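Trainee: Contents are TSV, C-alpha atoms; file name work-v1.tsv:
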chain	number	residue	atom	x	y	z
A	1	MET	CA	149.51	108.26	141.71
A	2	THR	CA	148.98	107.22	138.12
A	3	TYR	CA	146.26	104.56	138.19
A	4	TYR	CA	142.82	105.12	139.70
A	5	PHE	CA	140.08	102.65	140.55
A	6	PRO	CA	136.86	104.61	141.16
A	7	GLU	CA	135.01	101.72	142.79
A	8	SER	CA	137.39	101.92	145.75
A	9	ARG	CA	136.83	105.65	146.36
A	10	GLN	CA	134.08	107.35	148.36
A	11	TYR	CA	131.53	109.51	146.58
A	12	LYS	CA	131.25	113.27	146.80
A	13	ASP	CA	127.65	114.35	146.24
A	14	LEU	CA	127.51	117.42	144.00
A	15	VAL	CA	123.77	118.05	144.02
A	16	SER	CA	120.85	115.82	144.97
A	17	GLY	CA	121.10	112.52	143.09
A	18	VAL	CA	124.50	113.32	141.56
A	19	HIS	CA	127.36	111.30	143.06
A	20	ALA	CA	130.88	112.03	141.82
A	21	ARG	CA	134.27	110.45	142.28
A	22	THR	CA	136.97	112.85	141.14
A	23	PHE	CA	140.64	112.38	140.27
A	24	TRP	CA	143.04	115.05	139.10
A	25	GLY	CA	146.43	115.89	137.78
A	26	GLU	CA	147.84	119.30	136.93
A	27	ASN	CA	145.52	120.45	134.11
A	28	LEU	CA	142.91	117.69	134.09
A	29	MET	CA	140.21	116.57	136.49
A	30	LEU	CA	138.34	113.33	135.70
A	31	ALA	CA	134.95	112.96	137.42
A	32	VAL	CA	133.15	109.62	137.21
A	33	VAL	CA	129.57	110.59	138.04
A	34	ASP	CA	126.70	108.29	139.01
A	35	LEU	CA	123.34	109.91	138.41
A	36	ASP	CA	120.09	108.77	139.98
A	37	ALA	CA	117.12	108.20	137.68
A	38	LYS	CA	115.39	111.54	136.96
A	39	ALA	CA	118.10	113.53	138.75
A	40	VAL	CA	118.30	117.15	137.63
A	41	ILE	CA	121.36	119.39	137.40
A	42	PRO	CA	119.92	122.90	137.07
A	43	PRO	CA	121.31	125.39	134.55
A	44	HIS	CA	124.73	126.64	135.60
A	45	SER	CA	128.08	127.61	134.19
A	46	HIS	CA	131.71	127.73	135.30
A	47	PRO	CA	134.87	129.14	133.78
A	48	HIS	CA	136.35	125.63	133.36
A	49	GLU	CA	136.04	123.90	129.99
A	50	GLN	CA	134.13	120.61	130.39
A	51	GLY	CA	134.23	117.52	128.22
A	52	GLY	CA	132.49	114.24	128.81
A	53	ILE	CA	131.21	110.90	127.67
A	54	VAL	CA	128.04	109.04	128.60
A	55	LEU	CA	128.99	105.62	130.00
A	56	GLU	CA	125.58	104.19	130.96
A	57	GLY	CA	121.94	105.20	130.64
A	58	GLU	CA	120.33	108.11	128.83
A	59	VAL	CA	120.83	111.73	129.79
A	60	GLU	CA	119.21	114.84	128.34
A	61	PHE	CA	121.73	117.65	128.07
A	62	THR	CA	120.97	121.27	127.27
A	63	ILE	CA	124.08	123.23	126.32
A	64	ALA	CA	123.78	126.84	125.20
A	65	GLY	CA	120.07	126.27	124.64
A	66	GLU	CA	120.48	123.16	122.45
A	67	THR	CA	118.88	120.01	123.91
A	68	ARG	CA	119.93	116.47	123.01
A	69	MET	CA	119.27	113.04	124.50
A	70	LEU	CA	122.67	111.40	124.82
A	71	LYS	CA	123.41	107.67	125.00
A	72	PRO	CA	126.49	105.63	125.87
A	73	GLY	CA	129.44	106.62	123.73
A	74	ASN	CA	128.11	110.10	122.91
A	75	LEU	CA	130.41	113.00	123.81
A	76	TYR	CA	130.08	116.67	124.71
A	77	ILE	CA	132.46	119.58	125.00
A	78	ILE	CA	131.20	122.66	126.84
A	79	PRO	CA	133.28	125.85	126.57
A	80	GLY	CA	134.00	127.70	129.77
A	81	GLY	CA	131.23	130.12	130.76
A	82	VAL	CA	128.51	128.41	128.69
A	83	GLU	CA	125.27	127.55	130.50
A	84	HIS	CA	124.31	123.88	130.64
A	85	SER	CA	121.88	121.60	132.46
A	86	VAL	CA	121.10	117.91	132.66
A	87	ILE	CA	117.99	115.77	133.19
A	88	VAL	CA	118.56	112.05	133.71
A	89	GLY	CA	116.23	109.56	132.04
A	90	SER	CA	114.00	107.03	133.76
A	91	GLU	CA	116.97	104.78	134.62
A	92	PRO	CA	120.16	105.61	136.53
A	93	ALA	CA	123.05	106.82	134.38
A	94	LYS	CA	126.80	107.23	134.52
A	95	VAL	CA	129.00	109.77	132.80
A	96	MET	CA	132.63	110.76	132.93
A	97	ASP	CA	133.17	114.50	132.99
A	98	ILE	CA	136.54	116.09	132.39
A	99	PHE	CA	137.39	119.59	133.55
A	100	SER	CA	140.29	121.80	132.58
A	101	PRO	CA	141.52	123.59	134.53
A	102	VAL	CA	140.96	121.41	137.62
A	103	ARG	CA	137.86	122.38	139.65
A	104	GLU	CA	139.40	123.01	143.02
A	105	GLU	CA	136.00	122.80	144.76
A	106	TYR	CA	135.59	119.21	143.56
A	107	LYS	CA	138.75	117.96	145.25
A	108	TYR	CA	138.22	115.83	148.35
B	1	MET	CA	129.85	122.18	117.93
B	2	THR	CA	128.91	120.88	121.35
B	3	TYR	CA	127.74	117.31	120.86
B	4	TYR	CA	129.85	114.62	119.21
B	5	PHE	CA	128.90	111.17	117.95
B	6	PRO	CA	132.10	109.20	117.36
B	7	GLU	CA	130.44	106.44	115.34
B	8	SER	CA	129.72	108.94	112.56
B	9	ARG	CA	133.35	110.11	112.30
B	10	GLN	CA	136.21	108.58	110.30
B	11	TYR	CA	139.16	107.08	112.11
B	12	LYS	CA	142.67	108.47	112.25
B	13	ASP	CA	145.18	105.65	112.69
B	14	LEU	CA	147.87	106.66	115.20
B	15	VAL	CA	150.08	103.57	115.01
B	16	SER	CA	149.41	100.09	113.66
B	17	GLY	CA	146.24	98.70	115.24
B	18	VAL	CA	145.36	101.95	117.04
B	19	HIS	CA	142.38	103.77	115.53
B	20	ALA	CA	141.41	107.13	117.05
B	21	ARG	CA	138.53	109.52	116.64
B	22	THR	CA	139.43	112.87	118.16
B	23	PHE	CA	137.34	115.87	119.22
B	24	TRP	CA	138.61	119.06	120.77
B	25	GLY	CA	137.77	122.33	122.39
B	26	GLU	CA	140.15	124.99	123.64
B	27	ASN	CA	142.05	123.15	126.41
B	28	LEU	CA	140.73	119.60	126.00
B	29	MET	CA	141.05	116.93	123.35
B	30	LEU	CA	138.93	113.78	123.70
B	31	ALA	CA	140.19	110.75	121.75
B	32	VAL	CA	137.99	107.66	121.53
B	33	VAL	CA	140.48	104.96	120.58
B	34	ASP	CA	139.73	101.49	119.22
B	35	LEU	CA	142.62	99.11	119.77
B	36	ASP	CA	143.12	95.86	117.90
B	37	ALA	CA	143.79	92.73	119.95
B	38	LYS	CA	147.49	92.56	120.88
B	39	ALA	CA	148.21	96.03	119.47
B	40	VAL	CA	151.29	97.68	120.94
B	41	ILE	CA	151.92	101.36	121.57
B	42	PRO	CA	155.69	101.57	122.15
B	43	PRO	CA	157.15	103.66	124.98
B	44	HIS	CA	156.83	107.36	124.26
B	45	SER	CA	156.14	110.65	125.97
B	46	HIS	CA	154.73	114.05	125.09
B	47	PRO	CA	154.50	117.33	126.93
B	48	HIS	CA	150.67	117.10	127.11
B	49	GLU	CA	149.06	115.74	130.26
B	50	GLN	CA	146.98	112.64	129.44
B	51	GLY	CA	144.04	111.19	131.29
B	52	GLY	CA	141.89	108.27	130.29
B	53	ILE	CA	139.40	105.54	131.01
B	54	VAL	CA	139.18	101.99	129.72
B	55	LEU	CA	135.79	101.50	128.05
B	56	GLU	CA	136.06	97.92	126.76
B	57	GLY	CA	138.54	95.08	126.97
B	58	GLU	CA	141.76	94.72	128.94
B	59	VAL	CA	144.84	96.81	128.36
B	60	GLU	CA	148.25	96.59	129.99
B	61	PHE	CA	149.66	100.03	130.69
B	62	THR	CA	153.18	100.84	131.79
B	63	ILE	CA	153.50	104.39	133.11
B	64	ALA	CA	156.80	105.59	134.55
B	65	GLY	CA	157.90	101.96	134.84
B	66	GLU	CA	154.80	100.76	136.72
B	67	THR	CA	152.78	98.12	134.88
B	68	ARG	CA	149.08	97.41	135.49
B	69	MET	CA	146.41	95.47	133.63
B	70	LEU	CA	143.44	97.85	133.37
B	71	LYS	CA	139.79	96.91	132.89
B	72	PRO	CA	136.65	98.87	132.00
B	73	GLY	CA	136.11	101.75	134.42
B	74	ASN	CA	139.78	101.97	135.47
B	75	LEU	CA	141.40	105.38	135.02
B	76	TYR	CA	144.88	106.76	134.45
B	77	ILE	CA	146.47	110.18	134.58
B	78	ILE	CA	149.90	110.58	132.98
B	79	PRO	CA	151.81	113.79	133.69
B	80	GLY	CA	153.36	115.56	130.71
B	81	GLY	CA	156.79	114.22	129.82
B	82	VAL	CA	156.33	110.84	131.54
B	83	GLU	CA	157.10	107.74	129.45
B	84	HIS	CA	154.24	105.29	128.90
B	85	SER	CA	153.39	102.30	126.73
B	86	VAL	CA	150.43	100.02	126.12
B	87	ILE	CA	149.92	96.36	125.20
B	88	VAL	CA	146.37	95.32	124.36
B	89	GLY	CA	145.06	91.99	125.63
B	90	SER	CA	143.88	89.05	123.55
B	91	GLU	CA	140.60	90.81	122.65
B	92	PRO	CA	140.06	94.22	121.03
B	93	ALA	CA	139.75	97.12	123.46
B	94	LYS	CA	138.46	100.67	123.57
B	95	VAL	CA	139.66	103.58	125.68
B	96	MET	CA	138.97	107.29	125.86
B	97	ASP	CA	142.09	109.39	126.19
B	98	ILE	CA	141.99	113.04	127.15
B	99	PHE	CA	144.83	115.43	126.38
B	100	SER	CA	145.46	118.90	127.74
B	101	PRO	CA	146.64	120.95	126.04
B	102	VAL	CA	145.12	119.81	122.74
B	103	ARG	CA	147.48	117.65	120.64
B	104	GLU	CA	147.56	119.64	117.42
B	105	GLU	CA	148.99	116.67	115.48
B	106	TYR	CA	145.87	114.62	116.31
B	107	LYS	CA	143.46	117.09	114.70
B	108	TYR	CA	142.00	115.99	111.37
What would the structure in this file look like if it were written as structure tokens?

Mentor:
Amino acid sequence: MTYYFPESRQYKDLVSGVHARTFWGENLMLAVVDLDAKAVIPPHSHPHEQGGIVLEGEVEFTIAGETRMLKPGNLYIIPGGVEHSVIVGSEPAKVMDIFSPVREEYKY
Amino acid sequence: MTYYFPESRQYKDLVSGVHARTFWGENLMLAVVDLDAKAVIPPHSHPHEQGGIVLEGEVEFTIAGETRMLKPGNLYIIPGGVEHSVIVGSEPAKVMDIFSPVREEYKY
């Protein structure tokens, strides 16, 4: 597979209100994530480096203790092992996360 | 750095009509790429795995000989070493490419 059309793939719910559709190659996993309004991803970390872009809505990120409200087009890169959390704004949001290496537990 | 705001960063032109703004961590490079209408990226390959998402416009990709017209929200994952090319539609387009490992020649 080379081309992927997320709208034709089932969701995998990661935590309450956080609905992902993941796609992966050898080193890269792309996760298109739909977030319910006011959804919360509690502080956590993982050894995988994580990048991402906000596609829709407004999302408050806290990465290594630094909080920013991110809007469409804003990017983030989170080193492996660094604690981060997310609080979605008053409207639903969408982001694309990228993980390297691939998060095996997010395959489905 | 953790947060990145592409609109405040200068472009690096990759080929004619292809204007990138790149950001990188350890394993990941994110490249937000503005493409002029009808811009052409000739067939090429590189050892880096490449993922991506179309953000705006319509872009015809050919990856390993398979051609598809991609629209916003469509994804692609190109294994390292696989030939690919791009022809932009009649309107400007925007994509986000992701490379792993980081493409050193795209740092600036």

Trainee: For a test of reading the model, state the distance in Å between CA of Leu70 (chain B) and CA of Val15 (chain B), rounded to one decimal.

Mentor: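 If I compute the distance from CA of Leu70 (chain B) to CA of Val15 (chain B), I get 20.3 Å.
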
Trainee: Measuring between all atoms listed in the file, which one of A:Val18, A:Ile98, A:Leu55, A:Leu75 shows the shortest distance to chain B?

Mentor: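 Counting all atoms listed in the file, the residue closest to chain B is A:Leu75.
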
Trainee: Point out the residue among B:Phe99, B:Tyr106, B:Phe61, B:Tyr76 with the least atom-to-atom distance to chain A, counting all atoms listed in the file.

Mentor: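 So, comparing all the options, the nearest one is B:Tyr76.
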
Trainee: What is the distance between CA of Ala39 (chain A) and CA of Arg103 (chain A), in Å to one decimal?

Mentor: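 Spanning CA of Ala39 (chain A) to CA of Arg103 (chain A) is a straight-line distance of 21.7 Å.
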
Trainee: Using all atoms listed in the file, which of the listed residues (B:Val40, B:Met69, B:Leu35, B:Val86) sits closest to chain A?

Mentor: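 Ranked by minimum distance to chain A, first place goes to B:Met69.
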
Trainee: Hey, could you make a per-residue contact list for chain A against chain B with 9 Å as the cut-off, showing the nearest pair of atoms and its distance in Å to one decimal, counting all atoms listed in the file, sorted by chain and number, as CSV?

Mentor:
residue,atom,partner,partner_atom,distance
A:Met1,CA,B:Ile77,CA,8.0
A:Thr2,CA,B:Ile77,CA,5.3
A:Tyr3,CA,B:Tyr76,CA,4.6
A:Tyr4,CA,B:Leu75,CA,4.9
A:Phe5,CA,B:Asn74,CA,5.1
A:Pro6,CA,B:Asn74,CA,6.9
A:Glu7,CA,B:Gly73,CA,8.4
A:Phe23,CA,B:Ile77,CA,8.4
A:Trp24,CA,B:Ile77,CA,7.5
A:Gly25,CA,B:Ile77,CA,6.5
A:Glu26,CA,B:Pro79,CA,7.5
A:Asn27,CA,B:Ser100,CA,6.6
A:Leu28,CA,B:Ser100,CA,6.9
A:Met29,CA,B:Gly51,CA,8.4
A:Leu30,CA,B:Gly51,CA,7.5
A:Val32,CA,B:Gly73,CA,8.9
A:Glu49,CA,B:Asn27,CA,7.0
A:Gln50,CA,B:Leu28,CA,8.0
A:Gly51,CA,B:Leu28,CA,7.2
A:Gly52,CA,B:Leu30,CA,8.2
A:Ile53,CA,B:Met96,CA,8.7
A:Leu55,CA,B:Leu55,CA,8.2
A:Ile63,CA,B:Thr2,CA,7.3
A:Ala64,CA,B:Thr2,CA,8.8
A:Glu66,CA,B:Thr2,CA,8.8
A:Arg68,CA,B:Tyr3,CA,8.1
A:Leu70,CA,B:Tyr3,CA,8.7
A:Gly73,CA,B:Pro6,CA,7.4
A:Asn74,CA,B:Phe5,CA,5.1
A:Leu75,CA,B:Tyr4,CA,4.9
A:Tyr76,CA,B:Tyr3,CA,4.6
A:Ile77,CA,B:Thr2,CA,5.3
A:Ile78,CA,B:Thr2,CA,6.2
A:Pro79,CA,B:Gly25,CA,7.1
A:Met96,CA,B:Ile53,CA,8.8
A:Ile98,CA,B:Ile98,CA,8.2
A:Phe99,CA,B:Leu28,CA,8.3
A:Ser100,CA,B:Asn27,CA,6.6
A:Pro101,CA,B:Asn27,CA,8.1

Trainee: If you measure from CA of Lys38 (chain A) to CA of Ser16 (chain A), what distance in Å do you get, rounded to one decimal?

Mentor: 10.6 Å

Trainee: Please reconstruct the missing atoms of region 12-23 of chain B (target: all heavy atoms) and return them as a CSV table (one decimal), keeping the file's coordinate frame.

Mentor:
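After the write, out_39.csv holds the following:
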chain,number,residue,atom,x,y,z
B,12,LYS,N,141.3,108.1,112.6
B,12,LYS,CA,142.7,108.5,112.2
B,12,LYS,C,143.6,107.4,112.9
B,12,LYS,O,143.5,107.2,114.1
B,12,LYS,CB,143.0,109.8,112.8
B,12,LYS,CG,144.4,110.3,112.6
B,12,LYS,CD,144.6,111.7,113.3
B,12,LYS,CE,146.1,112.2,113.2
B,12,LYS,NZ,146.5,112.5,111.9
B,13,ASP,N,144.3,106.7,112.1
B,13,ASP,CA,145.2,105.6,112.7
B,13,ASP,C,146.4,106.3,113.2
B,13,ASP,O,147.2,107.0,112.5
B,13,ASP,CB,145.5,104.6,111.6
B,13,ASP,CG,144.3,103.7,111.3
B,13,ASP,OD1,143.3,103.9,112.0
B,13,ASP,OD2,144.4,102.9,110.4
B,14,LEU,N,146.7,106.0,114.5
B,14,LEU,CA,147.9,106.7,115.2
B,14,LEU,C,149.1,105.8,115.0
B,14,LEU,O,150.2,106.3,114.7
B,14,LEU,CB,147.6,106.9,116.7
B,14,LEU,CG,146.3,107.7,117.0
B,14,LEU,CD1,146.2,107.9,118.5
B,14,LEU,CD2,146.3,109.0,116.2
B,15,VAL,N,149.0,104.5,115.3
B,15,VAL,CA,150.1,103.6,115.0
B,15,VAL,C,149.3,102.3,114.6
B,15,VAL,O,148.1,102.3,114.6
B,15,VAL,CB,151.0,103.3,116.2
B,15,VAL,CG1,151.7,104.6,116.7
B,15,VAL,CG2,150.3,102.6,117.4
B,16,SER,N,150.0,101.3,114.2
B,16,SER,CA,149.4,100.1,113.7
B,16,SER,C,148.5,99.5,114.7
B,16,SER,O,148.8,99.3,115.9
B,16,SER,CB,150.5,99.1,113.3
B,16,SER,OG,149.9,97.9,112.9
B,17,GLY,N,147.2,99.3,114.3
B,17,GLY,CA,146.2,98.7,115.2
B,17,GLY,C,145.6,99.7,116.2
B,17,GLY,O,144.9,99.2,117.1
B,18,VAL,N,145.9,100.9,116.1
B,18,VAL,CA,145.4,102.0,117.0
B,18,VAL,C,144.6,103.0,116.2
B,18,VAL,O,145.2,103.8,115.5
B,18,VAL,CB,146.5,102.6,117.8
B,18,VAL,CG1,146.0,103.6,118.8
B,18,VAL,CG2,147.3,101.5,118.6
B,19,HIS,N,143.3,103.0,116.4
B,19,HIS,CA,142.4,103.8,115.5
B,19,HIS,C,141.6,104.8,116.4
B,19,HIS,O,140.8,104.4,117.2
B,19,HIS,CB,141.4,102.8,114.9
B,19,HIS,CG,142.0,101.6,114.4
B,19,HIS,ND1,142.8,101.5,113.3
B,19,HIS,CD2,141.9,100.3,114.9
B,19,HIS,CE1,143.2,100.3,113.1
B,19,HIS,NE2,142.7,99.5,114.0
B,20,ALA,N,142.0,106.1,116.2
B,20,ALA,CA,141.4,107.1,117.0
B,20,ALA,C,140.4,108.0,116.3
B,20,ALA,O,140.4,108.1,115.1
B,20,ALA,CB,142.6,108.0,117.5
B,21,ARG,N,139.4,108.5,117.1
B,21,ARG,CA,138.5,109.5,116.6
B,21,ARG,C,138.6,110.6,117.7
B,21,ARG,O,138.3,110.4,118.8
B,21,ARG,CB,137.1,109.0,116.5
B,21,ARG,CG,137.1,107.9,115.4
B,21,ARG,CD,135.8,107.3,115.0
B,21,ARG,NE,135.3,106.4,116.0
B,21,ARG,CZ,134.4,105.5,115.8
B,21,ARG,NH1,133.9,105.3,114.6
B,21,ARG,NH2,134.0,104.6,116.7
B,22,THR,N,139.1,111.8,117.2
B,22,THR,CA,139.4,112.9,118.2
B,22,THR,C,138.5,114.0,118.0
B,22,THR,O,138.0,114.3,116.9
B,22,THR,CB,140.9,113.4,118.0
B,22,THR,OG1,141.0,113.9,116.6
B,22,THR,CG2,141.9,112.3,118.2
B,23,PHE,N,138.3,114.7,119.1
B,23,PHE,CA,137.3,115.9,119.2
B,23,PHE,C,138.0,116.9,120.2
B,23,PHE,O,138.6,116.4,121.2
B,23,PHE,CB,136.0,115.4,119.8
B,23,PHE,CG,135.4,114.2,119.0
B,23,PHE,CD1,135.8,112.9,119.4
B,23,PHE,CD2,134.7,114.4,117.9
B,23,PHE,CE1,135.3,111.8,118.6
B,23,PHE,CE2,134.2,113.3,117.1
B,23,PHE,CZ,134.5,112.0,117.5
